[in-house]
$ cat final-v8.txt   # compact mmCIF, C-alpha atoms and all ligand atoms
# COMPACT_ATOMS: atom_id res chain seq x y z
CA MET G 1 -8.55 -7.66 -11.91
CA THR G 2 -9.37 -4.64 -14.06
CA SER G 3 -11.78 -4.86 -16.97
CA ALA G 4 -10.66 -3.32 -20.26
CA THR G 5 -12.30 0.01 -19.53
CA HIS G 6 -13.11 0.19 -15.84
CA ALA G 7 -11.23 0.09 -12.57
CA SER G 8 -12.08 -2.86 -10.33
CA LEU G 9 -14.00 -2.38 -7.08
CA SER G 10 -13.37 -4.81 -4.24
CA PHE G 11 -13.88 -5.08 -0.49
CA GLU G 12 -11.83 -6.29 2.47
CA ILE G 13 -13.52 -7.97 5.43
CA PHE G 14 -12.17 -9.71 8.52
CA PRO G 15 -13.39 -12.96 10.14
CA PRO G 16 -15.27 -12.29 13.39
CA ASN G 17 -14.20 -13.62 16.81
CA THR G 18 -17.59 -14.64 18.16
CA GLN G 19 -20.73 -16.57 17.19
CA VAL G 20 -22.75 -13.32 17.24
CA GLY G 21 -20.10 -11.77 15.04
CA GLU G 22 -20.45 -14.66 12.60
CA GLU G 23 -24.20 -14.16 12.29
CA LYS G 24 -23.69 -10.44 11.75
CA LEU G 25 -21.04 -11.14 9.13
CA LEU G 26 -23.43 -13.29 7.09
CA ALA G 27 -25.85 -10.34 6.87
CA THR G 28 -22.96 -8.03 5.95
CA LEU G 29 -21.72 -10.43 3.27
CA ALA G 30 -25.18 -10.75 1.75
CA GLN G 31 -25.26 -6.97 1.32
CA LEU G 32 -21.72 -6.80 -0.02
CA GLY G 33 -22.42 -9.68 -2.42
CA ASP G 34 -25.40 -7.76 -3.85
CA LEU G 35 -22.96 -5.10 -5.00
CA ALA G 36 -21.22 -7.68 -7.21
CA PRO G 37 -17.70 -6.57 -6.31
CA ASP G 38 -14.80 -7.82 -8.40
CA PHE G 39 -13.67 -9.71 -5.31
CA ILE G 40 -13.91 -9.74 -1.53
CA SER G 41 -10.68 -10.37 0.35
CA VAL G 42 -10.64 -11.98 3.80
CA THR G 43 -7.94 -11.07 6.29
CA CYS G 44 -6.07 -13.54 8.46
CA SER G 45 -4.44 -12.78 11.79
CA ASN G 46 -1.00 -14.03 12.72
CA ASN G 47 -2.36 -14.33 16.25
CA LYS G 48 -4.88 -16.95 15.24
CA ARG G 49 -3.45 -20.21 13.97
CA ASN G 50 -6.83 -21.76 13.04
CA ILE G 51 -6.92 -20.30 9.54
CA LYS G 52 -9.25 -23.08 8.33
CA GLU G 53 -11.92 -22.09 10.88
CA THR G 54 -11.58 -18.38 10.23
CA THR G 55 -10.29 -17.05 6.91
CA LEU G 56 -10.89 -20.18 4.85
CA LYS G 57 -14.38 -20.74 6.23
CA VAL G 58 -15.44 -17.17 5.41
CA ALA G 59 -13.70 -17.17 2.02
CA GLY G 60 -15.36 -20.50 1.14
CA TYR G 61 -18.75 -19.01 1.99
CA ILE G 62 -18.11 -15.95 -0.19
CA LYS G 63 -16.97 -18.08 -3.13
CA ASN G 64 -19.43 -20.93 -2.93
CA GLN G 65 -22.57 -19.50 -1.30
CA LEU G 66 -22.46 -15.95 -2.64
CA GLY G 67 -20.72 -16.75 -5.93
CA VAL G 68 -18.33 -13.81 -5.50
CA PRO G 69 -14.60 -14.20 -6.28
CA THR G 70 -12.52 -14.11 -3.13
CA ILE G 71 -8.90 -13.62 -2.13
CA ALA G 72 -7.68 -15.32 1.05
CA HIS G 73 -5.00 -13.38 2.95
CA LEU G 74 -2.15 -15.66 3.96
CA PRO G 75 0.43 -14.27 6.41
CA ALA G 76 3.18 -16.89 6.58
CA ALA G 77 5.77 -15.69 9.11
CA TYR G 78 4.51 -18.27 11.61
CA LEU G 79 3.80 -21.09 9.14
CA THR G 80 5.98 -23.94 7.93
CA HIS G 81 6.29 -25.15 4.34
CA SER G 82 4.08 -28.14 5.07
CA GLN G 83 1.40 -25.98 6.75
CA VAL G 84 1.26 -23.72 3.68
CA LYS G 85 0.96 -26.79 1.42
CA GLU G 86 -1.95 -27.98 3.54
CA ILE G 87 -3.64 -24.56 3.34
CA LEU G 88 -3.22 -24.50 -0.45
CA ARG G 89 -4.83 -27.96 -0.62
CA ALA G 90 -7.74 -26.73 1.52
CA LEU G 91 -8.15 -23.69 -0.75
CA ASP G 92 -8.08 -25.98 -3.78
CA GLN G 93 -10.92 -28.02 -2.30
CA LEU G 94 -12.94 -24.83 -1.82
CA GLY G 95 -12.28 -23.81 -5.42
CA ILE G 96 -10.37 -20.70 -4.27
CA HIS G 97 -7.27 -19.92 -6.29
CA GLN G 98 -6.47 -16.36 -5.26
CA VAL G 99 -4.20 -15.59 -2.34
CA LEU G 100 -2.74 -12.40 -0.88
CA ALA G 101 0.76 -13.57 0.08
CA LEU G 102 1.97 -11.79 3.22
CA ARG G 103 4.72 -12.02 5.75
CA GLY G 104 2.41 -10.61 8.42
CA ASP G 105 3.41 -8.64 11.48
CA ILE G 106 6.05 -10.13 13.75
CA LEU G 107 4.58 -10.58 17.23
CA PRO G 108 6.64 -9.33 20.18
CA ASP G 109 8.38 -12.22 21.96
CA VAL G 110 7.15 -14.84 19.47
CA PRO G 111 9.94 -15.90 17.13
CA PRO G 112 8.77 -16.60 13.56
CA THR G 113 9.33 -20.04 12.02
CA ASN G 114 11.64 -18.60 9.33
CA ASP G 115 10.39 -20.91 6.55
CA PHE G 116 8.98 -17.70 5.06
CA ARG G 117 11.15 -14.83 6.20
CA TYR G 118 9.65 -12.36 3.73
CA ALA G 119 6.44 -12.39 1.70
CA SER G 120 8.60 -12.89 -1.41
CA ASP G 121 9.55 -16.38 -0.08
CA LEU G 122 5.86 -17.25 0.07
CA VAL G 123 5.15 -15.85 -3.41
CA ALA G 124 7.93 -18.02 -4.89
CA PHE G 125 6.78 -21.07 -2.91
CA ILE G 126 3.14 -20.81 -4.04
CA ASN G 127 4.12 -20.29 -7.66
CA GLN G 128 6.36 -23.35 -7.47
CA GLN G 129 3.93 -25.63 -5.56
CA ALA G 130 0.63 -24.46 -7.04
CA PRO G 131 1.16 -22.47 -10.24
CA HIS G 132 -2.60 -22.39 -10.88
CA PHE G 133 -2.98 -19.89 -8.02
CA ALA G 134 -3.07 -16.14 -8.71
CA VAL G 135 -0.89 -14.48 -6.10
CA SER G 136 -1.23 -10.86 -4.97
CA GLY G 137 1.03 -8.89 -2.63
CA ALA G 138 0.86 -5.94 -0.26
CA CYS G 139 2.61 -2.62 -0.87
CA TYR G 140 3.08 0.64 0.99
CA PRO G 141 2.84 4.00 -0.82
CA GLU G 142 4.26 5.70 2.28
CA VAL G 143 7.02 3.06 2.76
CA HIS G 144 6.74 -0.02 4.98
CA PRO G 145 7.47 1.08 8.58
CA GLU G 146 10.38 -1.37 8.95
CA SER G 147 12.13 -0.23 5.79
CA PRO G 148 15.22 1.93 6.24
CA ASP G 149 14.28 4.09 3.23
CA ARG G 150 12.07 4.36 0.15
CA VAL G 151 14.66 3.03 -2.30
CA THR G 152 15.24 -0.14 -0.27
CA ASP G 153 11.50 -0.66 0.08
CA ILE G 154 10.92 -0.34 -3.68
CA LYS G 155 13.86 -2.70 -4.42
CA ASN G 156 12.34 -5.29 -2.06
CA LEU G 157 8.95 -4.79 -3.71
CA LYS G 158 10.48 -5.30 -7.15
CA PHE G 159 12.03 -8.57 -5.95
CA LYS G 160 8.70 -9.72 -4.45
CA THR G 161 6.80 -8.84 -7.63
CA ASP G 162 9.32 -10.72 -9.76
CA GLN G 163 8.63 -13.91 -7.79
CA GLY G 164 5.28 -13.96 -9.60
CA LEU G 165 2.69 -11.45 -8.38
CA GLU G 166 -0.40 -10.73 -10.45
CA HIS G 167 -1.18 -7.47 -8.72
CA LEU G 168 -0.47 -5.36 -5.65
CA ILE G 169 -2.87 -3.93 -3.07
CA THR G 170 -1.79 -0.85 -1.14
CA GLN G 171 -1.88 -0.01 2.51
CA LEU G 172 -4.58 2.60 3.23
CA PHE G 173 -3.67 6.20 2.50
CA PHE G 174 -5.45 9.56 2.70
CA ASP G 175 -3.24 11.61 0.43
CA ASN G 176 -3.61 10.61 -3.23
CA ASP G 177 -0.41 12.43 -4.16
CA CYS G 178 1.53 9.86 -2.07
CA PHE G 179 -0.08 7.14 -4.16
CA TYR G 180 0.72 8.82 -7.49
CA GLN G 181 4.35 9.31 -6.43
CA PHE G 182 4.53 5.65 -5.41
CA GLN G 183 3.04 4.53 -8.75
CA GLU G 184 5.67 6.55 -10.55
CA ASN G 185 8.45 5.04 -8.42
CA CYS G 186 7.13 1.57 -9.25
CA GLN G 187 7.20 2.37 -12.96
CA LEU G 188 10.79 3.60 -12.65
CA ALA G 189 11.70 0.35 -10.88
CA ASP G 190 10.02 -1.66 -13.64
CA ILE G 191 7.23 -2.91 -11.38
CA ASN G 192 4.51 -3.22 -13.94
CA VAL G 193 1.68 -5.18 -12.29
CA PRO G 194 -1.64 -3.40 -11.58
CA ILE G 195 -1.64 -1.50 -8.27
CA ILE G 196 -4.98 -1.50 -6.48
CA ALA G 197 -5.51 1.42 -4.10
CA GLY G 198 -6.65 0.62 -0.54
CA ILE G 199 -9.14 3.18 0.78
CA MET G 200 -10.58 3.28 4.29
CA PRO G 201 -13.56 5.57 4.91
CA ILE G 202 -13.32 7.05 8.42
CA ILE G 203 -16.84 7.13 9.83
CA ASN G 204 -16.56 7.47 13.61
CA ARG G 205 -14.50 9.09 16.36
CA LYS G 206 -13.03 5.83 17.66
CA GLN G 207 -11.66 5.00 14.23
CA ALA G 208 -10.36 8.57 13.82
CA LEU G 209 -8.57 8.58 17.17
CA ARG G 210 -6.97 5.19 16.52
CA LEU G 211 -5.82 6.46 13.18
CA ILE G 212 -4.24 9.60 14.63
CA GLN G 213 -2.48 7.59 17.37
CA THR G 214 -1.22 4.65 15.35
CA SER G 215 -1.29 5.28 11.61
CA GLU G 216 1.86 5.84 9.62
CA ALA G 217 -0.27 7.43 6.88
CA LYS G 218 0.06 11.14 6.16
CA LEU G 219 -3.12 12.93 7.26
CA PRO G 220 -3.71 15.91 4.94
CA ARG G 221 -4.87 19.24 6.37
CA LYS G 222 -8.32 18.86 4.79
CA PHE G 223 -8.73 15.47 6.45
CA LEU G 224 -7.53 16.65 9.88
CA ALA G 225 -9.93 19.61 9.68
CA ILE G 226 -12.85 17.19 9.31
CA LEU G 227 -11.74 15.13 12.32
CA ASP G 228 -11.25 18.31 14.35
CA LYS G 229 -14.50 20.07 13.46
CA TYR G 230 -16.83 17.06 13.72
CA GLU G 231 -15.12 15.16 16.52
CA HIS G 232 -18.23 15.44 18.72
CA ASN G 233 -20.87 15.31 15.98
CA PRO G 234 -21.08 11.64 14.97
CA VAL G 235 -23.49 12.12 12.06
CA ALA G 236 -21.51 14.98 10.52
CA LEU G 237 -18.24 13.07 11.06
CA ARG G 238 -19.68 10.05 9.27
CA ASP G 239 -21.03 12.16 6.39
CA ALA G 240 -17.80 14.11 5.97
CA GLY G 241 -15.67 10.94 6.29
CA LEU G 242 -17.68 9.20 3.58
CA ALA G 243 -17.51 12.29 1.35
CA TYR G 244 -13.72 12.41 1.82
CA ALA G 245 -13.38 8.75 0.75
CA VAL G 246 -15.66 9.32 -2.24
CA ASP G 247 -13.56 12.33 -3.23
CA GLN G 248 -10.36 10.25 -3.04
CA ILE G 249 -11.95 7.48 -5.13
CA VAL G 250 -13.28 9.85 -7.81
CA ASP G 251 -9.81 11.35 -8.19
CA LEU G 252 -8.07 7.95 -8.32
CA VAL G 253 -10.48 6.42 -10.82
CA THR G 254 -10.37 9.54 -12.99
CA GLN G 255 -6.58 9.16 -13.04
CA ASP G 256 -6.95 5.54 -14.22
CA VAL G 257 -6.14 3.64 -11.05
CA ALA G 258 -6.27 -0.15 -11.65
CA GLY G 259 -8.76 -0.69 -8.84
CA ILE G 260 -10.13 0.43 -5.50
CA HIS G 261 -10.05 -1.93 -2.52
CA LEU G 262 -12.33 -0.68 0.25
CA TYR G 263 -11.33 -1.49 3.80
CA THR G 264 -14.94 -2.00 4.91
CA MET G 265 -14.27 -2.86 8.59
CA ASN G 266 -17.23 -5.26 8.07
CA ASN G 267 -19.58 -2.31 7.68
CA ALA G 268 -21.92 -2.97 4.76
CA ALA G 269 -23.63 0.42 5.06
CA THR G 270 -20.32 2.17 4.40
CA ALA G 271 -19.61 0.02 1.36
CA ARG G 272 -23.12 0.55 0.01
CA HIS G 273 -22.88 4.31 0.45
CA ILE G 274 -19.56 4.44 -1.41
CA TYR G 275 -20.92 2.11 -4.07
CA GLN G 276 -24.01 4.20 -4.68
CA ALA G 277 -21.95 7.38 -4.94
CA THR G 278 -19.45 5.94 -7.42
CA ALA G 279 -20.97 2.89 -9.19
CA SER G 280 -21.01 4.44 -12.66
CA LEU G 281 -17.27 5.16 -12.44
CA PHE G 282 -16.70 1.41 -12.18
CA GLY G 283 -19.23 0.63 -14.92
CA LYS G 284 -21.56 -0.95 -12.36
CA PRO G 285 -25.36 -0.58 -12.01
CA ALA G 286 -26.36 2.17 -9.57
CA GLN G 287 -28.23 -0.06 -7.13
CA GLY G 288 -26.20 -3.26 -7.34
CA ASN G 289 -27.61 -6.68 -8.18
CA GLN G 290 -30.47 -6.62 -5.70
CA GLN G 291 -32.23 -3.80 -7.50
CA LEU G 292 -31.63 -5.49 -10.85
CA ILE G 293 -33.21 -8.66 -9.53
CA GLN G 294 -36.17 -6.71 -8.15
CA LEU G 295 -36.64 -4.90 -11.45
CA GLY G 296 -35.93 -7.98 -13.51
P1 LIG Q 1 7.15 -8.13 3.15
O1 LIG Q 1 6.81 -7.88 1.74
O2 LIG Q 1 7.95 -9.34 3.47
O3 LIG Q 1 7.92 -6.83 3.69
C1 LIG Q 1 8.17 -6.67 5.09
C2 LIG Q 1 9.40 -5.79 5.29
O4 LIG Q 1 10.57 -6.52 4.90
C3 LIG Q 1 9.39 -4.53 4.44
O5 LIG Q 1 10.01 -3.51 5.19
C4 LIG Q 1 10.24 -4.89 3.24
O6 LIG Q 1 10.85 -3.76 2.64
C5 LIG Q 1 11.28 -5.81 3.90
N1 LIG Q 1 11.82 -6.81 2.97
C6 LIG Q 1 11.14 -7.52 2.06
N2 LIG Q 1 11.96 -8.37 1.42
C7 LIG Q 1 13.20 -8.18 1.95
C8 LIG Q 1 14.47 -8.76 1.71
N3 LIG Q 1 14.65 -9.71 0.79
N4 LIG Q 1 15.54 -8.33 2.47
C9 LIG Q 1 15.38 -7.37 3.42
N5 LIG Q 1 14.19 -6.78 3.67
C10 LIG Q 1 13.11 -7.20 2.95
N6 LIG Q 1 -1.31 -8.56 8.11
C11 LIG Q 1 -1.86 -9.67 8.65
O7 LIG Q 1 -1.34 -10.20 9.64
N7 LIG Q 1 -3.02 -10.21 8.13
C12 LIG Q 1 -3.63 -9.70 7.03
O8 LIG Q 1 -4.66 -10.23 6.58
C13 LIG Q 1 -3.05 -8.55 6.40
N8 LIG Q 1 -3.58 -8.01 5.28
C14 LIG Q 1 -2.95 -6.96 4.66
C15 LIG Q 1 -3.48 -6.46 3.47
C16 LIG Q 1 -2.86 -5.39 2.82
C17 LIG Q 1 -3.42 -4.90 1.50
C18 LIG Q 1 -1.70 -4.77 3.38
C19 LIG Q 1 -1.06 -3.60 2.72
C20 LIG Q 1 -1.19 -5.25 4.58
C21 LIG Q 1 -1.79 -6.36 5.22
N9 LIG Q 1 -1.27 -6.88 6.41
C22 LIG Q 1 -1.86 -7.99 6.99
C23 LIG Q 1 -0.14 -6.23 7.09
C24 LIG Q 1 1.21 -6.85 6.73
O9 LIG Q 1 1.23 -8.21 7.06
C25 LIG Q 1 2.29 -6.09 7.50
O10 LIG Q 1 2.42 -4.78 7.00
C26 LIG Q 1 3.65 -6.76 7.60
O11 LIG Q 1 4.46 -6.00 8.48
C27 LIG Q 1 4.41 -6.87 6.26
O12 LIG Q 1 3.88 -7.83 5.45
P2 LIG Q 1 4.31 -7.89 3.90
O13 LIG Q 1 3.66 -9.08 3.32
O14 LIG Q 1 4.10 -6.58 3.27
O15 LIG Q 1 5.89 -8.18 4.11

$ encode --input "final-v8.txt" --output "structure tokens"
Amino acid sequence: MTSATHASLSFEIFPPNTQVGEEKLLATLAQLGDLAPDFISVTCSNNKRNIKETTLKVAGYIKNQLGVPTIAHLPAAYLTHSQVKEILRALDQLGIHQVLALRGDILPDVPPTNDFRYASDLVAFINQQAPHFAVSGACYPEVHPESPDRVTDIKNLKFKTDQGLEHLITQLFFDNDCFYQFQENCQLADINVPIIAGIMPIINRKQALRLIQTSEAKLPRKFLAILDKYEHNPVALRDAGLAYAVDQIVDLVTQDVAGIHLYTMNNAATARHIYQATASLFGKPAQGNQQLIQLG
């Protein structure tokens, strides 16, 4: 994922629920594609079983219409072996050979199929059935919420990585020191694949409140001060939230992170802002491809 000298820059998007959402997403993707990211990953909900009509459709568009590499998220807790084989065949037909192998969240009152109890089962299965796929996995700098402790979590991550992961993408975090500590723990555990840092810019009050109520991530004092001071000033909150994310990214890239994965929440303006503020750090042109084409 990482070039010899630069960290990678990639985006996460989610498939929309409605027709209007689909049209909006095409406009968003066109703008994201112009930034020539190293890849765009497409999430997949455990709630929705029609992965072909959601994640695969969007990922196919990104790969084949925009010409941008894509990673399809694949949560497998509710899938059987034969369903995963069918999905891999469908991905093959689309020319997509990158998957983020996940267990996914367990839904209350819906028992999982148990063909893939943990993501590591899926990683091993894909590598056995379709070794031409590059498989990535999720990781949690602040420990997965179900894990009894940090050591157990890292041991499980080591096992998952050893099933054949090419790289890891982290859960979002707001405190870079948590990430650096996690990286060090991975090194000690002999987990040597690149770790891509997941960053989510907080740009509005709704997002901020949800974060405070539900997130397991540590919220540093500096970050909480922004949310507190600009809670009722949407423009200032957006500006300060973007600046905070840029500050995190500058620090991470300066400290040689393998890559930055932006949780875009399907907001192209956010991604473009971050891109314009940091493009040179990733060895990318300041205005993205569009400007190059216009100048060219
Ligand atoms: P696992 O790696 O299986 O880990 C789950 C828990 O089981 C952890 O506590 C782990 O320590 C423990 N564990 C692992 N192996 C063992 C073992 N052998 N024995 C005992 N315990 C074990 N969810 C979605 O539904 N759709 C998405 O598109 C999506 N995208 C994501 C993208 C990223 C980058 C990240 C970080 C998360 C994403 N998630 C997504 C959320 C993820 O599915 C949940 O966090 C889920 O609870 C765990 O999935 P996992 O693949 O990390 O599970």

$ residues_near_ligand --input "final-v8.txt" --ligand "ligand LIG 1 (chain Q)" --cutoff "6 Å" --atoms "all atoms listed in the file" --output "list in words"
Thr43, Cys44, Ser45, Asn46, His73, Pro75, Leu102, Arg103, Gly104, Asp105, Tyr118, Ala119, Ala138, Cys139, His144, Glu146, Ser147, Asp153, Asn156, Ile169, Thr170 and Gln171 of chain G

$ atom_distance --input "final-v8.txt" --atom1 "atom CA of His232 of chain G" --atom2 "atom CA of Ile202 of chain G"
14.2 Å

$ closest_residue --input "final-v8.txt" --among "G:Leu224, G:Ala77, G:Leu25, G:Val42" --to "Ile13 of chain G" --atoms "all atoms listed in the file"
G:Val42

$ residues_around --input "final-v8.txt" --residues "Thr270 of chain G" --least-positions-apart "2" --cutoff "12 Å" --atoms "only C-alpha atoms" --output "CSV table (one decimal) with C-alpha atoms, keeping the file's coordinate frame"
chain,number,residue,atom,x,y,z
G,11,PHE,CA,-13.9,-5.1,-0.5
G,28,THR,CA,-23.0,-8.0,6.0
G,31,GLN,CA,-25.3,-7.0,1.3
G,32,LEU,CA,-21.7,-6.8,0.0
G,199,ILE,CA,-9.1,3.2,0.8
G,200,MET,CA,-10.6,3.3,4.3
G,201,PRO,CA,-13.6,5.6,4.9
G,202,ILE,CA,-13.3,7.0,8.4
G,203,ILE,CA,-16.8,7.1,9.8
G,204,ASN,CA,-16.6,7.5,13.6
G,238,ARG,CA,-19.7,10.0,9.3
G,239,ASP,CA,-21.0,12.2,6.4
G,241,GLY,CA,-15.7,10.9,6.3
G,242,LEU,CA,-17.7,9.2,3.6
G,243,ALA,CA,-17.5,12.3,1.4
G,245,ALA,CA,-13.4,8.8,0.8
G,246,VAL,CA,-15.7,9.3,-2.2
G,262,LEU,CA,-12.3,-0.7,0.2
G,263,TYR,CA,-11.3,-1.5,3.8
G,264,THR,CA,-14.9,-2.0,4.9
G,265,MET,CA,-14.3,-2.9,8.6
G,266,ASN,CA,-17.2,-5.3,8.1
G,267,ASN,CA,-19.6,-2.3,7.7
G,268,ALA,CA,-21.9,-3.0,4.8
G,272,ARG,CA,-23.1,0.6,0.0
G,273,HIS,CA,-22.9,4.3,0.4
G,274,ILE,CA,-19.6,4.4,-1.4
G,275,TYR,CA,-20.9,2.1,-4.1
G,276,GLN,CA,-24.0,4.2,-4.7
G,277,ALA,CA,-22.0,7.4,-4.9

$ residues_around --input "final-v8.txt" --residues "Ala101 of chain G" --least-positions-apart "4" --cutoff "12 Å" --atoms "only C-alpha atoms" --output "PyMOL selection string"
chain G and resi 41+43-44+71-77+84+88+116+118-127+133-139+160-161+163-169

$ atom_distance --input "final-v8.txt" --atom1 "atom CA of Cys186 of chain G" --atom2 "atom CA of His132 of chain G"
25.9 Å

$ atom_distance --input "final-v8.txt" --atom1 "atom CA of Ile62 of chain G" --atom2 "atom CA of Ile40 of chain G"
7.6 Å

$ closest_residue --input "final-v8.txt" --among "G:Val68, G:Ile51, G:Gly21, G:Gln181" --to "Leu91 of chain G" --atoms "all atoms listed in the file"
G:Ile51
